[in-house]
file final_0.pdb (PDB, C-alpha atoms)
ATOM      1  CA  MET A   1    -148.984 -59.342  62.532  1.00  0.00           C
ATOM      2  CA  ASP A   2    -147.402 -60.564  59.287  1.00  0.00           C
ATOM      3  CA  SER A   3    -145.591 -57.724  57.500  1.00  0.00           C
ATOM      4  CA  SER A   4    -147.194 -58.485  54.115  1.00  0.00           C
ATOM      5  CA  LEU A   5    -150.667 -58.381  55.657  1.00  0.00           C
ATOM      6  CA  ASP A   6    -149.816 -55.148  57.458  1.00  0.00           C
ATOM      7  CA  LYS A   7    -148.711 -53.630  54.134  1.00  0.00           C
ATOM      8  CA  LEU A   8    -151.876 -54.861  52.414  1.00  0.00           C
ATOM      9  CA  ILE A   9    -153.999 -53.192  55.094  1.00  0.00           C
ATOM     10  CA  GLU A  10    -152.054 -49.954  54.723  1.00  0.00           C
ATOM     11  CA  LEU A  11    -152.407 -49.875  50.929  1.00  0.00           C
ATOM     12  CA  ASN A  12    -156.140 -50.577  50.962  1.00  0.00           C
ATOM     13  CA  SER A  13    -157.017 -48.282  53.853  1.00  0.00           C
ATOM     14  CA  SER A  14    -154.961 -45.406  52.435  1.00  0.00           C
ATOM     15  CA  GLY A  15    -156.814 -45.278  49.132  1.00  0.00           C
ATOM     16  CA  LEU A  16    -160.240 -45.673  50.740  1.00  0.00           C
ATOM     17  CA  VAL A  17    -159.595 -42.904  53.284  1.00  0.00           C
ATOM     18  CA  MET A  18    -158.450 -40.506  50.548  1.00  0.00           C
ATOM     19  CA  LEU A  19    -161.730 -41.055  48.703  1.00  0.00           C
ATOM     20  CA  GLU A  20    -163.811 -40.815  51.876  1.00  0.00           C
ATOM     21  CA  CYS A  21    -162.128 -37.566  52.942  1.00  0.00           C
ATOM     22  CA  LYS A  22    -162.703 -36.077  49.504  1.00  0.00           C
ATOM     23  CA  THR A  23    -166.385 -36.984  49.732  1.00  0.00           C
ATOM     24  CA  SER A  24    -166.523 -35.309  53.168  1.00  0.00           C
ATOM     25  CA  ASN A  25    -164.670 -32.210  51.852  1.00  0.00           C
ATOM     26  CA  ILE A  26    -161.643 -32.846  54.048  1.00  0.00           C
ATOM     27  CA  PHE A  27    -158.474 -31.737  52.245  1.00  0.00           C
ATOM     28  CA  ASP A  28    -156.141 -30.941  55.140  1.00  0.00           C
ATOM     29  CA  MET A  29    -153.402 -33.579  54.804  1.00  0.00           C
ATOM     30  CA  GLU A  30    -152.780 -33.710  58.551  1.00  0.00           C
ATOM     31  CA  GLN A  31    -156.418 -34.631  59.108  1.00  0.00           C
ATOM     32  CA  VAL A  32    -156.373 -37.072  56.173  1.00  0.00           C
ATOM     33  CA  ASN A  33    -153.275 -38.832  57.544  1.00  0.00           C
ATOM     34  CA  LEU A  34    -154.888 -38.997  60.981  1.00  0.00           C
ATOM     35  CA  CYS A  35    -157.912 -40.717  59.421  1.00  0.00           C
ATOM     36  CA  LYS A  36    -155.587 -43.162  57.636  1.00  0.00           C
ATOM     37  CA  GLU A  37    -153.821 -44.090  60.871  1.00  0.00           C
ATOM     38  CA  TRP A  38    -157.126 -44.358  62.749  1.00  0.00           C
ATOM     39  CA  LEU A  39    -158.640 -46.730  60.167  1.00  0.00           C
ATOM     40  CA  LYS A  40    -155.491 -48.858  59.987  1.00  0.00           C
ATOM     41  CA  HIS A  41    -155.360 -49.111  63.787  1.00  0.00           C
ATOM     42  CA  GLN A  42    -159.052 -50.066  63.967  1.00  0.00           C
ATOM     43  CA  ILE A  43    -158.650 -52.790  61.337  1.00  0.00           C
ATOM     44  CA  ILE A  44    -155.531 -54.292  62.921  1.00  0.00           C
ATOM     45  CA  SER A  45    -157.050 -54.184  66.428  1.00  0.00           C
ATOM     46  CA  GLN A  46    -160.198 -55.981  65.243  1.00  0.00           C
ATOM     47  CA  MET A  47    -158.204 -58.623  63.376  1.00  0.00           C
ATOM     48  CA  GLU A  48    -156.018 -59.288  66.416  1.00  0.00           C
ATOM     49  CA  GLN A  49    -159.077 -59.404  68.666  1.00  0.00           C
ATOM     50  CA  GLU A  50    -160.757 -61.987  66.408  1.00  0.00           C
ATOM     51  CA  ASN A  51    -157.458 -63.721  65.639  1.00  0.00           C
ATOM     52  CA  ALA A  52    -158.575 -63.310  62.025  1.00  0.00           C
ATOM     53  CA  GLY A  53    -156.646 -63.989  58.838  1.00  0.00           C
ATOM     54  CA  VAL A  54    -156.594 -62.258  55.475  1.00  0.00           C
ATOM     55  CA  GLU A  55    -159.878 -63.920  54.501  1.00  0.00           C
ATOM     56  CA  SER A  56    -161.634 -61.639  57.038  1.00  0.00           C
ATOM     57  CA  LEU A  57    -159.875 -58.439  55.924  1.00  0.00           C
ATOM     58  CA  SER A  58    -162.546 -57.385  53.436  1.00  0.00           C
ATOM     59  CA  ARG A  59    -165.380 -57.670  55.982  1.00  0.00           C
ATOM     60  CA  ILE A  60    -163.507 -55.906  58.785  1.00  0.00           C
ATOM     61  CA  MET A  61    -162.309 -53.131  56.472  1.00  0.00           C
ATOM     62  CA  ASP A  62    -165.883 -52.452  55.316  1.00  0.00           C
ATOM     63  CA  GLU A  63    -167.108 -52.341  58.923  1.00  0.00           C
ATOM     64  CA  LYS A  64    -164.406 -49.913  60.065  1.00  0.00           C
ATOM     65  CA  LEU A  65    -164.712 -47.741  56.942  1.00  0.00           C
ATOM     66  CA  GLU A  66    -168.435 -47.382  57.631  1.00  0.00           C
ATOM     67  CA  LEU A  67    -167.602 -46.370  61.214  1.00  0.00           C
ATOM     68  CA  LEU A  68    -165.162 -43.719  59.927  1.00  0.00           C
ATOM     69  CA  ARG A  69    -167.784 -42.491  57.462  1.00  0.00           C
ATOM     70  CA  GLU A  70    -170.301 -42.017  60.272  1.00  0.00           C
ATOM     71  CA  LYS A  71    -167.764 -40.137  62.400  1.00  0.00           C
ATOM     72  CA  LEU A  72    -166.909 -37.760  59.557  1.00  0.00           C
ATOM     73  CA  LYS A  73    -170.583 -37.285  58.702  1.00  0.00           C
ATOM     74  CA  ASN A  74    -171.420 -36.413  62.324  1.00  0.00           C
ATOM     75  CA  GLY A  75    -168.395 -34.143  62.691  1.00  0.00           C
ATOM     76  CA  GLU A  76    -166.821 -36.284  65.422  1.00  0.00           C
ATOM     77  CA  SER A  77    -163.118 -35.841  66.120  1.00  0.00           C
ATOM     78  CA  ILE A  78    -160.795 -38.615  64.999  1.00  0.00           C
ATOM     79  CA  GLN A  79    -158.315 -39.533  67.722  1.00  0.00           C
ATOM     80  CA  LEU A  80    -155.765 -42.306  67.987  1.00  0.00           C
ATOM     81  CA  PRO A  81    -155.723 -44.265  71.268  1.00  0.00           C
ATOM     82  CA  SER A  82    -152.947 -43.397  73.712  1.00  0.00           C
ATOM     83  CA  PRO A  83    -150.134 -45.951  73.931  1.00  0.00           C
ATOM     84  CA  THR A  84    -150.603 -48.430  76.753  1.00  0.00           C
ATOM     85  CA  LEU A  85    -148.103 -47.998  79.597  1.00  0.00           C
ATOM     86  CA  PRO A  86    -146.908 -51.004  81.638  1.00  0.00           C
ATOM     87  CA  SER A  87    -148.738 -51.419  84.924  1.00  0.00           C
ATOM     88  CA  PRO A  88    -146.852 -50.920  88.232  1.00  0.00           C
ATOM     89  CA  ALA A  89    -147.443 -54.556  89.136  1.00  0.00           C
ATOM     90  CA  LEU A  90    -145.723 -55.657  85.956  1.00  0.00           C
ATOM     91  CA  GLU A  91    -142.771 -53.341  86.643  1.00  0.00           C
ATOM     92  CA  GLU A  92    -142.370 -54.771  90.167  1.00  0.00           C
ATOM     93  CA  GLU A  93    -142.489 -58.283  88.800  1.00  0.00           C
ATOM     94  CA  VAL A  94    -139.742 -57.460  86.311  1.00  0.00           C
ATOM     95  CA  GLU A  95    -137.572 -55.938  89.058  1.00  0.00           C
ATOM     96  CA  GLU A  96    -137.941 -58.978  91.298  1.00  0.00           C
ATOM     97  CA  SER A  97    -137.217 -61.548  88.607  1.00  0.00           C
ATOM     98  CA  PRO A  98    -133.994 -63.494  89.251  1.00  0.00           C
ATOM     99  CA  PRO A  99    -130.806 -62.832  87.292  1.00  0.00           C
ATOM    100  CA  GLU A 100    -130.566 -64.506  83.909  1.00  0.00           C
ATOM    101  CA  GLU A 101    -128.036 -67.100  85.054  1.00  0.00           C
ATOM    102  CA  GLU A 102    -130.300 -68.254  87.909  1.00  0.00           C
ATOM    103  CA  LYS A 103    -133.301 -68.966  85.707  1.00  0.00           C
ATOM    104  CA  LYS A 104    -133.980 -72.590  84.976  1.00  0.00           C
ATOM    105  CA  PRO A 105    -134.233 -73.457  81.314  1.00  0.00           C
ATOM    106  CA  MET A 106    -137.747 -74.340  80.227  1.00  0.00           C
ATOM    107  CA  GLN A 107    -138.153 -77.880  79.047  1.00  0.00           C
ATOM    108  CA  SER A 108    -139.524 -78.307  75.555  1.00  0.00           C
ATOM    109  CA  SER A 109    -142.822 -80.112  75.255  1.00  0.00           C
ATOM    110  CA  GLY A 110    -141.653 -81.632  71.998  1.00  0.00           C
ATOM    111  CA  TYR A 111    -144.513 -79.974  70.083  1.00  0.00           C
ATOM    112  CA  LYS A 112    -143.590 -78.073  66.936  1.00  0.00           C
ATOM    113  CA  PRO A 113    -146.301 -75.987  65.217  1.00  0.00           C
ATOM    114  CA  LYS A 114    -146.977 -77.127  61.692  1.00  0.00           C
ATOM    115  CA  SER A 115    -145.968 -74.348  59.285  1.00  0.00           C
ATOM    116  CA  GLU A 116    -148.467 -73.456  56.603  1.00  0.00           C
ATOM    117  CA  ASP A 117    -147.436 -74.283  53.080  1.00  0.00           C
ATOM    118  CA  MET A 118    -146.354 -71.018  51.400  1.00  0.00           C
ATOM    119  CA  SER A 119    -148.374 -71.575  48.230  1.00  0.00           C
ATOM    120  CA  THR A 120    -151.510 -72.153  50.311  1.00  0.00           C
ATOM    121  CA  LYS A 121    -150.818 -69.040  52.359  1.00  0.00           C
ATOM    122  CA  LEU A 122    -150.370 -66.874  49.260  1.00  0.00           C
ATOM    123  CA  ALA A 123    -153.525 -68.326  47.708  1.00  0.00           C
ATOM    124  CA  ASN A 124    -155.535 -67.418  50.822  1.00  0.00           C
ATOM    125  CA  GLU A 125    -154.145 -63.888  50.777  1.00  0.00           C
ATOM    126  CA  ARG A 126    -155.203 -63.444  47.142  1.00  0.00           C
ATOM    127  CA  LYS A 127    -158.784 -64.615  47.719  1.00  0.00           C
ATOM    128  CA  PRO A 128    -160.329 -61.238  48.754  1.00  0.00           C
ATOM    129  CA  VAL A 129    -158.891 -59.480  45.690  1.00  0.00           C
ATOM    130  CA  LYS A 130    -160.019 -62.304  43.393  1.00  0.00           C
ATOM    131  CA  LYS A 131    -163.548 -62.011  44.755  1.00  0.00           C
ATOM    132  CA  ILE A 132    -163.630 -58.277  43.998  1.00  0.00           C
ATOM    133  CA  ILE A 133    -162.300 -58.835  40.465  1.00  0.00           C
ATOM    134  CA  LEU A 134    -164.816 -61.572  39.656  1.00  0.00           C
ATOM    135  CA  GLU A 135    -167.796 -59.763  41.184  1.00  0.00           C
ATOM    136  CA  ASP A 136    -167.466 -55.972  41.576  1.00  0.00           C
ATOM    137  CA  CYS A 137    -165.181 -55.307  38.584  1.00  0.00           C
ATOM    138  CA  ILE A 138    -167.503 -57.220  36.250  1.00  0.00           C
ATOM    139  CA  GLN A 139    -170.652 -55.677  37.716  1.00  0.00           C
ATOM    140  CA  LEU A 140    -169.250 -52.165  37.277  1.00  0.00           C
ATOM    141  CA  GLY A 141    -168.076 -52.807  33.725  1.00  0.00           C
ATOM    142  CA  LEU A 142    -164.374 -52.424  34.498  1.00  0.00           C
ATOM    143  CA  LEU A 143    -163.741 -55.928  33.132  1.00  0.00           C
ATOM    144  CA  ASP A 144    -165.718 -58.442  31.128  1.00  0.00           C
ATOM    145  CA  LYS A 145    -166.121 -61.932  32.548  1.00  0.00           C
ATOM    146  CA  LYS A 146    -163.560 -63.552  30.244  1.00  0.00           C
ATOM    147  CA  ARG A 147    -160.858 -60.990  31.037  1.00  0.00           C
ATOM    148  CA  ALA A 148    -161.594 -61.101  34.778  1.00  0.00           C
ATOM    149  CA  ASN A 149    -161.186 -64.890  34.817  1.00  0.00           C
ATOM    150  CA  TYR A 150    -157.924 -64.581  32.887  1.00  0.00           C
ATOM    151  CA  LEU A 151    -156.483 -62.002  35.312  1.00  0.00           C
ATOM    152  CA  VAL A 152    -157.439 -64.131  38.296  1.00  0.00           C
ATOM    153  CA  THR A 153    -155.709 -67.134  36.712  1.00  0.00           C
ATOM    154  CA  GLN A 154    -152.558 -65.070  36.104  1.00  0.00           C
ATOM    155  CA  MET A 155    -152.372 -64.164  39.796  1.00  0.00           C
ATOM    156  CA  ALA A 156    -151.450 -67.741  40.737  1.00  0.00           C
ATOM    157  CA  GLY A 157    -148.018 -68.124  42.291  1.00  0.00           C
ATOM    158  CA  LYS A 158    -147.401 -64.387  42.660  1.00  0.00           C
ATOM    159  CA  GLU A 159    -147.036 -62.305  45.798  1.00  0.00           C
ATOM    160  CA  PRO A 160    -150.460 -60.775  46.572  1.00  0.00           C
ATOM    161  CA  MET A 161    -149.250 -57.170  46.286  1.00  0.00           C
ATOM    162  CA  GLU A 162    -147.398 -57.827  43.010  1.00  0.00           C
ATOM    163  CA  ALA A 163    -150.423 -59.597  41.518  1.00  0.00           C
ATOM    164  CA  GLU A 164    -152.732 -56.788  42.611  1.00  0.00           C
ATOM    165  CA  ARG A 165    -150.490 -54.080  41.149  1.00  0.00           C
ATOM    166  CA  GLU A 166    -150.706 -55.707  37.717  1.00  0.00           C
ATOM    167  CA  VAL A 167    -154.509 -55.839  37.879  1.00  0.00           C
ATOM    168  CA  VAL A 168    -154.751 -52.234  39.115  1.00  0.00           C
ATOM    169  CA  THR A 169    -152.681 -51.058  36.128  1.00  0.00           C
ATOM    170  CA  GLU A 170    -155.256 -52.552  33.758  1.00  0.00           C
ATOM    171  CA  LEU A 171    -158.219 -51.254  35.765  1.00  0.00           C
ATOM    172  CA  ARG A 172    -156.802 -47.725  35.645  1.00  0.00           C
ATOM    173  CA  ALA A 173    -156.475 -47.885  31.862  1.00  0.00           C
ATOM    174  CA  ASN A 174    -160.018 -49.257  31.506  1.00  0.00           C
ATOM    175  CA  LEU A 175    -161.502 -46.630  33.808  1.00  0.00           C
ATOM    176  CA  HIS A 176    -159.651 -43.859  31.938  1.00  0.00           C
ATOM    177  CA  SER A 177    -161.121 -45.131  28.666  1.00  0.00           C
ATOM    178  CA  GLN A 178    -164.638 -45.385  30.052  1.00  0.00           C
ATOM    179  CA  VAL A 179    -164.511 -41.929  31.638  1.00  0.00           C
ATOM    180  CA  ARG A 180    -163.371 -40.381  28.338  1.00  0.00           C
ATOM    181  CA  LYS A 181    -166.409 -41.983  26.650  1.00  0.00           C
ATOM    182  CA  LEU A 182    -168.712 -40.579  29.333  1.00  0.00           C
ATOM    183  CA  ILE A 183    -167.232 -37.108  28.950  1.00  0.00           C
ATOM    184  CA  ARG A 184    -167.669 -37.192  25.162  1.00  0.00           C
ATOM    185  CA  LYS A 185    -171.193 -38.580  25.427  1.00  0.00           C
ATOM    186  CA  ASP A 186    -172.302 -36.041  28.043  1.00  0.00           C
ATOM    187  CA  LYS A 187    -170.315 -33.161  26.502  1.00  0.00           C
ATOM    188  CA  GLY A 188    -168.303 -32.887  29.686  1.00  0.00           C
ATOM    189  CA  GLY A 189    -170.992 -33.872  32.143  1.00  0.00           C
ATOM    190  CA  PRO A 190    -169.993 -33.165  35.764  1.00  0.00           C
ATOM    191  CA  TRP A 191    -166.362 -32.754  34.581  1.00  0.00           C
ATOM    192  CA  SER A 192    -166.942 -30.091  31.905  1.00  0.00           C
ATOM    193  CA  SER A 193    -163.884 -28.002  32.804  1.00  0.00           C
ATOM    194  CA  PRO A 194    -160.306 -29.056  31.875  1.00  0.00           C
ATOM    195  CA  ILE A 195    -159.317 -28.669  35.546  1.00  0.00           C
ATOM    196  CA  ALA A 196    -162.022 -31.100  36.699  1.00  0.00           C
ATOM    197  CA  GLN A 197    -160.985 -33.626  34.039  1.00  0.00           C
ATOM    198  CA  GLU A 198    -157.326 -33.381  35.027  1.00  0.00           C
ATOM    199  CA  GLU A 199    -158.173 -33.831  38.718  1.00  0.00           C
ATOM    200  CA  LEU A 200    -160.206 -36.928  37.862  1.00  0.00           C
ATOM    201  CA  ARG A 201    -157.354 -38.313  35.737  1.00  0.00           C
ATOM    202  CA  LEU A 202    -154.864 -37.818  38.577  1.00  0.00           C
ATOM    203  CA  GLU A 203    -157.225 -39.431  41.052  1.00  0.00           C
ATOM    204  CA  ILE A 204    -157.462 -42.535  38.870  1.00  0.00           C
ATOM    205  CA  VAL A 205    -153.672 -42.680  38.436  1.00  0.00           C
ATOM    206  CA  GLN A 206    -153.065 -42.386  42.193  1.00  0.00           C
ATOM    207  CA  THR A 207    -155.604 -45.035  43.251  1.00  0.00           C
ATOM    208  CA  PRO A 208    -153.425 -47.919  44.521  1.00  0.00           C
ATOM    209  CA  THR A 209    -155.565 -51.029  44.999  1.00  0.00           C
ATOM    210  CA  VAL A 210    -158.331 -53.060  43.367  1.00  0.00           C
ATOM    211  CA  ARG A 211    -160.685 -52.317  46.240  1.00  0.00           C
ATOM    212  CA  SER A 212    -160.099 -48.566  46.061  1.00  0.00           C
ATOM    213  CA  MET A 213    -160.479 -48.670  42.238  1.00  0.00           C
ATOM    214  CA  VAL A 214    -163.928 -50.198  42.704  1.00  0.00           C
ATOM    215  CA  TYR A 215    -164.745 -47.582  45.321  1.00  0.00           C
ATOM    216  CA  LEU A 216    -163.625 -44.754  42.994  1.00  0.00           C
ATOM    217  CA  THR A 217    -165.630 -46.170  40.086  1.00  0.00           C
ATOM    218  CA  ARG A 218    -168.776 -46.140  42.206  1.00  0.00           C
ATOM    219  CA  GLU A 219    -168.033 -42.530  43.207  1.00  0.00           C
ATOM    220  CA  ILE A 220    -167.677 -41.535  39.539  1.00  0.00           C
ATOM    221  CA  LEU A 221    -170.907 -43.275  38.595  1.00  0.00           C
ATOM    222  CA  GLN A 222    -172.721 -41.670  41.506  1.00  0.00           C
ATOM    223  CA  GLU A 223    -171.400 -38.228  40.556  1.00  0.00           C
ATOM    224  CA  ARG A 224    -172.571 -38.709  36.970  1.00  0.00           C
ATOM    225  CA  GLU A 225    -175.971 -39.984  38.074  1.00  0.00           C
ATOM    226  CA  GLU A 226    -176.496 -36.958  40.333  1.00  0.00           C
ATOM    227  CA  TRP A 227    -175.506 -34.635  37.480  1.00  0.00           C
ATOM    228  CA  LYS A 228    -177.936 -36.300  35.090  1.00  0.00           C
ATOM    229  CA  ASN A 229    -180.733 -36.170  37.667  1.00  0.00           C
ATOM    230  CA  LYS A 230    -180.252 -32.429  37.875  1.00  0.00           C
ATOM    231  CA  SER A 231    -179.879 -31.760  34.159  1.00  0.00           C
ATOM    232  CA  ARG A 232    -181.937 -34.428  32.353  1.00  0.00           C
ATOM    233  CA  SER A 233    -183.785 -36.517  34.925  1.00  0.00           C
ATOM    234  CA  SER A 234    -186.113 -37.988  32.317  1.00  0.00           C
ATOM    235  CA  ILE A 235    -183.203 -39.659  30.489  1.00  0.00           C
ATOM    236  CA  THR A 236    -181.362 -40.985  33.546  1.00  0.00           C
ATOM    237  CA  GLY A 237    -183.498 -44.081  33.932  1.00  0.00           C
ATOM    238  CA  ARG A 238    -183.097 -45.125  30.301  1.00  0.00           C
ATOM    239  CA  ILE A 239    -179.285 -44.800  30.453  1.00  0.00           C
ATOM    240  CA  PHE A 240    -178.606 -46.460  33.785  1.00  0.00           C
ATOM    241  CA  GLY A 241    -181.638 -48.658  34.299  1.00  0.00           C
ATOM    242  CA  ASN A 242    -181.606 -50.603  37.537  1.00  0.00           C
ATOM    243  CA  ARG A 243    -177.952 -51.545  37.198  1.00  0.00           C
ATOM    244  CA  MET A 244    -175.236 -48.943  37.573  1.00  0.00           C
ATOM    245  CA  THR A 245    -172.469 -49.884  35.096  1.00  0.00           C
ATOM    246  CA  LEU A 246    -170.046 -47.982  32.916  1.00  0.00           C
ATOM    247  CA  ASP A 247    -170.976 -47.476  29.269  1.00  0.00           C
ATOM    248  CA  LYS A 248    -169.227 -49.706  26.763  1.00  0.00           C
TER     249      LYS A 248
END
call {"tool": "encode", "arguments": {"input": "final_0.pdb", "output": "structure tokens"}}
result
Amino acid sequence: MDSSLDKLIELNSSGLVMLECKTSNIFDMEQVNLCKEWLKHQIISQMEQENAGVESLSRIMDEKLELLREKLKNGESIQLPSPTLPSPALEEEVEESPPEEEKKPMQSSGYKPKSEDMSTKLANERKPVKKIILEDCIQLGLLDKKRANYLVTQMAGKEPMEAEREVVTELRANLHSQVRKLIRKDKGGPWSSPIAQEELRLEIVQTPTVRSMVYLTREILQEREEWKNKSRSSITGRIFGNRMTLDK
């Protein structure tokens, strides 16, 4: 698998697993790291099985994250598959193969695979992140439509991870600003203590990808909605309506 795609999978899966483990009250780092490795392995295995490219990463990641969520919810143990050992037949075949100098050189068929243009490859790798920016980030109020379109335009020609880092930096700042407004408006809300506010701030700072920023934003909104349902259920509907977005 391409190293840049492998790194992209690792960055996205890491942030999502951290959030999922927190939701499931799993704080043991050994268990968290095991979940990270399990999710990464599941995603890579599925992509290799389907011979899929980066355009399928978002779908496969959602499927495998849901599978991890169900396992954690049901209390199932998370285990990595054992490494595959070579079969005896394969070992015998290797032993019986002739010495290197006796092997006949393979004749070339003359076919040379057509290499994909680098700009096209990078553009395809940026597509999943662009989709999230133009849909989820706008829907959640992290960006307005004009700014989202601008950021997507600025991603052109950049390495996917570099382009994503720049967007994440802005999303963090926006989410910080919105959360401060919520805290002032709700007089603390579900984060009334200084410790809870500092933990939330650190969680935003440590969230590494656009996808995991969207996931965290939904968690924050859900936490606030649950708090308001408990404290002032009659007002919740008027504030959130049918669309769950951050206050401006």
call {"tool": "closest_residue", "arguments": {"input": "final_0.pdb", "among": "A:Glu125, A:Glu162, A:Asp144, A:Asp136", "to": "Asn174 in chain A", "atoms": "all atoms listed in the file"}}
result
A:Asp144
call {"tool": "resolve_selection", "arguments": {"input": "final_0.pdb", "expression": "the PyMOL selection byres ((chain A and resi 161) around 9)", "output": "list in words"}}
result
Ser4, Lys7, Leu8, Arg126, Lys158, Glu159, Pro160, Glu162, Ala163, Glu164, Arg165, Glu166 and Thr209 of chain A
call {"tool": "atom_distance", "arguments": {"input": "final_0.pdb", "atom1": "CA of Ser45 in chain A", "atom2": "CA of Gln79 in chain A"}}
result
14.8 Å
call {"tool": "atom_distance", "arguments": {"input": "final_0.pdb", "atom1": "CA of Trp191 in chain A", "atom2": "CA of Lys73 in chain A"}}
result
24.9 Å
call {"tool": "closest_residue", "arguments": {"input": "final_0.pdb", "among": "A:Leu16, A:Leu68, A:Val152, A:Leu216", "to": "Glu135 in chain A", "atoms": "only C-alpha atoms"}}
result
A:Val152
call {"tool": "closest_residue", "arguments": {"input": "final_0.pdb", "among": "A:Arg147, A:Ser193, A:Ile183, A:Leu142", "to": "Arg218 in chain A", "atoms": "only C-alpha atoms"}}
result
A:Leu142
call {"tool": "resolve_selection", "arguments": {"input": "final_0.pdb", "expression": "the PyMOL selection byres ((chain A and resi 227) around 12)", "output": "JSON, numbers by chain"}}
result
{"A": [186, 188, 189, 190, 191, 192, 220, 221, 222, 223, 224, 225, 226, 228, 229, 230, 231, 232, 233, 235, 236]}
call {"tool": "write_last_selection", "arguments": {"input": "final_0.pdb", "atoms": "C-alpha atoms", "output": "PDB file, in the coordinates of the input"}}
result
ATOM      1  CA  ASP A 186    -172.302 -36.041  28.043  1.00  0.00           C
ATOM      2  CA  GLY A 188    -168.303 -32.887  29.686  1.00  0.00           C
ATOM      3  CA  GLY A 189    -170.992 -33.872  32.143  1.00  0.00           C
ATOM      4  CA  PRO A 190    -169.993 -33.165  35.764  1.00  0.00           C
ATOM      5  CA  TRP A 191    -166.362 -32.754  34.581  1.00  0.00           C
ATOM      6  CA  SER A 192    -166.942 -30.091  31.905  1.00  0.00           C
ATOM      7  CA  ILE A 220    -167.677 -41.535  39.539  1.00  0.00           C
ATOM      8  CA  LEU A 221    -170.907 -43.275  38.595  1.00  0.00           C
ATOM      9  CA  GLN A 222    -172.721 -41.670  41.506  1.00  0.00           C
ATOM     10  CA  GLU A 223    -171.400 -38.228  40.556  1.00  0.00           C
ATOM     11  CA  ARG A 224    -172.571 -38.709  36.970  1.00  0.00           C
ATOM     12  CA  GLU A 225    -175.971 -39.984  38.074  1.00  0.00           C
ATOM     13  CA  GLU A 226    -176.496 -36.958  40.333  1.00  0.00           C
ATOM     14  CA  LYS A 228    -177.936 -36.300  35.090  1.00  0.00           C
ATOM     15  CA  ASN A 229    -180.733 -36.170  37.667  1.00  0.00           C
ATOM     16  CA  LYS A 230    -180.252 -32.429  37.875  1.00  0.00           C
ATOM     17  CA  SER A 231    -179.879 -31.760  34.159  1.00  0.00           C
ATOM     18  CA  ARG A 232    -181.937 -34.428  32.353  1.00  0.00           C
ATOM     19  CA  SER A 233    -183.785 -36.517  34.925  1.00  0.00           C
ATOM     20  CA  ILE A 235    -183.203 -39.659  30.489  1.00  0.00           C
ATOM     21  CA  THR A 236    -181.362 -40.985  33.546  1.00  0.00           C
TER      22      THR A 236
END
call {"tool": "closest_residue", "arguments": {"input": "final_0.pdb", "among": "A:Leu11, A:Glu70, A:Ser24, A:Asp6", "to": "Met47 in chain A", "atoms": "all atoms listed in the file"}}
result
A:Asp6
call {"tool": "closest_residue", "arguments": {"input": "final_0.pdb", "among": "A:Gln197, A:Ser58, A:Ser212, A:Thr217", "to": "Met18 in chain A", "atoms": "all atoms listed in the file"}}
result
A:Ser212
call {"tool": "residues_around", "arguments": {"input": "final_0.pdb", "residues": "Thr153 in chain A", "least_positions_apart": "6", "cutoff": "12 Å", "atoms": "all atoms listed in the file", "output": "PyMOL selection string"}}
result
chain A and resi 123+126-127+130+133-134+146-147+163+167
call {"tool": "atom_distance", "arguments": {"input": "final_0.pdb", "atom1": "CA of Ile60 in chain A", "atom2": "CA of Ile43 in chain A"}}
result
6.3 Å
call {"tool": "closest_residue", "arguments": {"input": "final_0.pdb", "among": "A:Cys35, A:Pro128, A:Glu199, A:Ala173", "to": "Glu76 in chain A", "atoms": "only C-alpha atoms"}}
result
A:Cys35
call {"tool": "resolve_selection", "arguments": {"input": "final_0.pdb", "expression": "the PyMOL selection byres ((chain A and resi 22) around 12)", "output": "PyMOL selection string"}}
result
chain A and resi 15-21+23-29+31-32+35+69+72+199-200+203+216+219
call {"tool": "axis_aligned_box", "arguments": {"input": "final_0.pdb", "around": "range 34-40 of chain A", "padding_each_side": "3 Å", "output": "lines of an AutoDock Vina configuration file"}}
result
center_x = -156.2
center_y = -43.9
center_z = 60.2
size_x = 10.8
size_y = 15.9
size_z = 11.1
call {"tool": "residues_around", "arguments": {"input": "final_0.pdb", "residues": "Ser177 in chain A", "least_positions_apart": "3", "cutoff": "12 Å", "atoms": "all atoms listed in the file", "output": "list in words"}}
result
Gly141, Leu142, Leu143, Glu170, Leu171, Arg172, Ala173, Asn174, Arg180, Lys181, Leu182, Ile183, Arg184, Arg201, Ile204, Leu246, Asp247 and Lys248 of chain A
call {"tool": "residues_near_point", "arguments": {"input": "final_0.pdb", "point": "(-163.4, -59.4, 56.6)", "cutoff": "12 Å", "atoms": "all atoms listed in the file", "output": "ChimeraX atom specification"}}
result
/A:9,43-44,46-47,50-65,125,127-129
call {"tool": "write_last_selection", "arguments": {"input": "final_0.pdb", "atoms": "C-alpha atoms", "output": "compact mmCIF listing (two decimals), in the frame of the given file"}}
result
# COMPACT_ATOMS: atom_id res chain seq x y z
CA ILE A 9 -154.00 -53.19 55.09
CA ILE A 43 -158.65 -52.79 61.34
CA ILE A 44 -155.53 -54.29 62.92
CA GLN A 46 -160.20 -55.98 65.24
CA MET A 47 -158.20 -58.62 63.38
CA GLU A 50 -160.76 -61.99 66.41
CA ASN A 51 -157.46 -63.72 65.64
CA ALA A 52 -158.57 -63.31 62.02
CA GLY A 53 -156.65 -63.99 58.84
CA VAL A 54 -156.59 -62.26 55.48
CA GLU A 55 -159.88 -63.92 54.50
CA SER A 56 -161.63 -61.64 57.04
CA LEU A 57 -159.88 -58.44 55.92
CA SER A 58 -162.55 -57.38 53.44
CA ARG A 59 -165.38 -57.67 55.98
CA ILE A 60 -163.51 -55.91 58.78
CA MET A 61 -162.31 -53.13 56.47
CA ASP A 62 -165.88 -52.45 55.32
CA GLU A 63 -167.11 -52.34 58.92
CA LYS A 64 -164.41 -49.91 60.06
CA LEU A 65 -164.71 -47.74 56.94
CA GLU A 125 -154.15 -63.89 50.78
CA LYS A 127 -158.78 -64.61 47.72
CA PRO A 128 -160.33 -61.24 48.75
CA VAL A 129 -158.89 -59.48 45.69
